[in-house]
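Beneath this line is the structure, given in structure tokens, with notes to follow.
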Amino acid sequence: MLHKTALWGRALTLNRFYLFGEIGNLTYTIGKSILEGAVLYTMFSMAESEYRVAAILGVLTKYIYPGITFVSSVKVSVFVDYLESLHDQRKQLAKLIRAMVLIGGGQALGAVMLALCYPPFFSGLFGSFGYSKYLLILLYLLHHVCDGSAQVAEGRVWFKLIEIKIRHGGLSQISDNFWGIHAMSQNIQLPLGLSLLWGTTLVTALFRDRLDASVMWGIVLGGMTLTALAWKLKWTEPKAPQ
């Protein structure tokens with residue numbers, strides 16, 4: 001584990017493209033975990049007690065997400081197959097970067113949709129509407145459509161990018177350990193995301209009767225901002241050739 005972590009750190013220092021990409025990945029993980037920890041607990045509580053649609057939201061998550069994954073996987077697989085038919089690596093990178101811009105937009109929009117489901121925010125904006133419960137369902141569905149499809153596409157597009165830049169790059173000390181570096185990146189993000197998710201959920205539970213407190217607004221808006229800006233940070237540097 002320590003050896004793989006050292007390899008991951010070494011890759012960050014040797015390849016600026018990968019460095020900025022991983023900064024974006026970690027920023028997204030932090031922001032999304034914080035946002036979900038604050039919003040999901042409170043949103044489902046509101047959906048259960050006030051709008052009686054918690055079961056519908058649960059069913060959407062269970063049955064809609066596999067469909068989103070299926071469609072997104074097919075689309076991005078066709079895209080990657082097309083890229084691999086191109087022999088010019090610069091053209092491949094240009095198209096992959098354009099795809100990542102669209103993916104970043106989808107994830108940013110998904111973060112906004114989720115933040116709108118936060119009870120003080122939602123009640124203030126839509127609480128007076130007679131059809132507000134349907135808006136809650138729609139916002140949560142749009143969150144999954146935007147963020148879920150973007151996450152599926154991002155995983156494969158980002159993998160293809162680092163495969164070109166690291167695995168087939170000229171730095172043998174990291175290209176020879178590509179799979180270990182990639183796995184270590186995912187292993188670092190997983191416990192980080194889970195710890196922030198559970199930590200934010202705990203804080204939210206403590207403030208469940210004061211959801212309009214400045215602490216909670218700071219968590220929600222901070223998580224949304226980090227999630228929405230992650231991909232701007234990710235692509236600050238990547239076009240610089242290695």
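Just remember, in the structure tokens the first chain shown is A, the second B, etc., residues are 1-based per chain, and ligands are 1-based in the order shown.
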Q | Spatial neighbours of Thr42 of chain A, max dist 12 Å, only C-alpha atoms, sep filter under 2 positions, as a VMD selection string | A | chain A and resid 35 to 40 44 to 50 54 114 to 122 200 to 212 216 220
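Put simply, atom CA of Leu139 of chain A is 23.9 Å away from atom CA of Gly155 of chain A.
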Q) So how many Å separate atom CA of Leu125 of chain A and atom CA of Met113 of chain A, to one decimal? A)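 The value is 12.8 Å.
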Q. Using the chain letters and numbers from this document, which residues of segment 113-166 of chain A does DSSP assign to alpha helix (DSSP H), as a PyMOL selection string?
A. chain A and resi 113-115+119-126+132-143+149-162
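Once segment 89-95 of chain A and its same-chain neighbours fewer than 5 positions away are set aside, Leu83, Glu84, Met100, Leu161, Ile164 and Lys239 of chain A remain within 9 Å of it when counting only C-alpha atoms.
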Q | Spatial neighbours of Leu229 of chain A, max dist 12 Å, only C-alpha atoms, sep filter under 4 positions, as number ranges by chain | A | A: 23-32, 101, 104-109, 111-112, 221-225, 233-236
For the residues in that selection, give me C-alpha atoms as an mmCIF file, in the first residue's frame.
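To be explicit, this is the file written out as selection.cif:
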data_model
loop_
_atom_site.group_PDB
_atom_site.id
_atom_site.type_symbol
_atom_site.label_atom_id
_atom_site.label_comp_id
_atom_site.auth_asym_id
_atom_site.auth_seq_id
_atom_site.Cartn_x
_atom_site.Cartn_y
_atom_site.Cartn_z
ATOM 1 C CA ILE A 23 -6.737 17.903 -8.019
ATOM 2 C CA GLY A 24 -10.015 18.077 -9.914
ATOM 3 C CA ASN A 25 -10.931 14.516 -8.919
ATOM 4 C CA LEU A 26 -10.249 15.161 -5.241
ATOM 5 C CA THR A 27 -12.058 18.497 -5.313
ATOM 6 C CA TYR A 28 -15.103 16.845 -6.849
ATOM 7 C CA THR A 29 -15.015 13.988 -4.317
ATOM 8 C CA ILE A 30 -14.809 16.415 -1.401
ATOM 9 C CA GLY A 31 -17.531 18.727 -2.701
ATOM 10 C CA LYS A 32 -19.941 15.982 -3.736
ATOM 11 C CA VAL A 101 -15.871 20.029 -20.556
ATOM 12 C CA GLY A 104 -17.948 18.952 -16.057
ATOM 13 C CA GLY A 105 -20.997 20.954 -17.068
ATOM 14 C CA GLY A 106 -23.246 17.978 -16.350
ATOM 15 C CA GLN A 107 -21.749 17.410 -12.918
ATOM 16 C CA ALA A 108 -21.952 21.111 -12.042
ATOM 17 C CA LEU A 109 -25.618 21.199 -13.103
ATOM 18 C CA ALA A 111 -24.778 19.700 -8.013
ATOM 19 C CA VAL A 112 -27.078 22.707 -8.440
ATOM 20 C CA LEU A 221 -23.007 26.165 -0.538
ATOM 21 C CA GLY A 222 -19.386 25.115 -0.004
ATOM 22 C CA GLY A 223 -20.070 21.584 -1.221
ATOM 23 C CA MET A 224 -21.992 22.840 -4.244
ATOM 24 C CA THR A 225 -19.255 25.327 -5.129
ATOM 25 C CA LEU A 233 -9.683 23.355 -11.636
ATOM 26 C CA LYS A 234 -9.139 20.058 -13.416
ATOM 27 C CA TRP A 235 -8.578 21.727 -16.757
ATOM 28 C CA THR A 236 -6.471 24.688 -15.661
#
Q) Separation of atom CA of Phe126 of chain A and atom CA of Leu141 of chain A, in Å? A)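 That distance, rounded to one decimal, is 16.3 Å.
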Q. Quick one: residues within 12 Å of Val53 of chain A, only C-alpha atoms counted, chain neighbours fewer than 6 positions away excluded, as number ranges by chain?
A. A: 43-47, 59-60, 132-138, 140
Q) For Thr5 of chain A, which of A:Gly124, A:Gly110, A:Gly199, A:Gly180 is the closest residue, counting only C-alpha atoms? A) A:Gly180
Q: Compare A:Leu102, A:Ile181, A:Ser195, A:Lys165 by their minimum atom-to-atom distance to Gln151 of chain A, counting only C-alpha atoms, and give me the closest one.
A: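 Looking at the shortest contact to Gln151 of chain A, the residue is A:Leu102.
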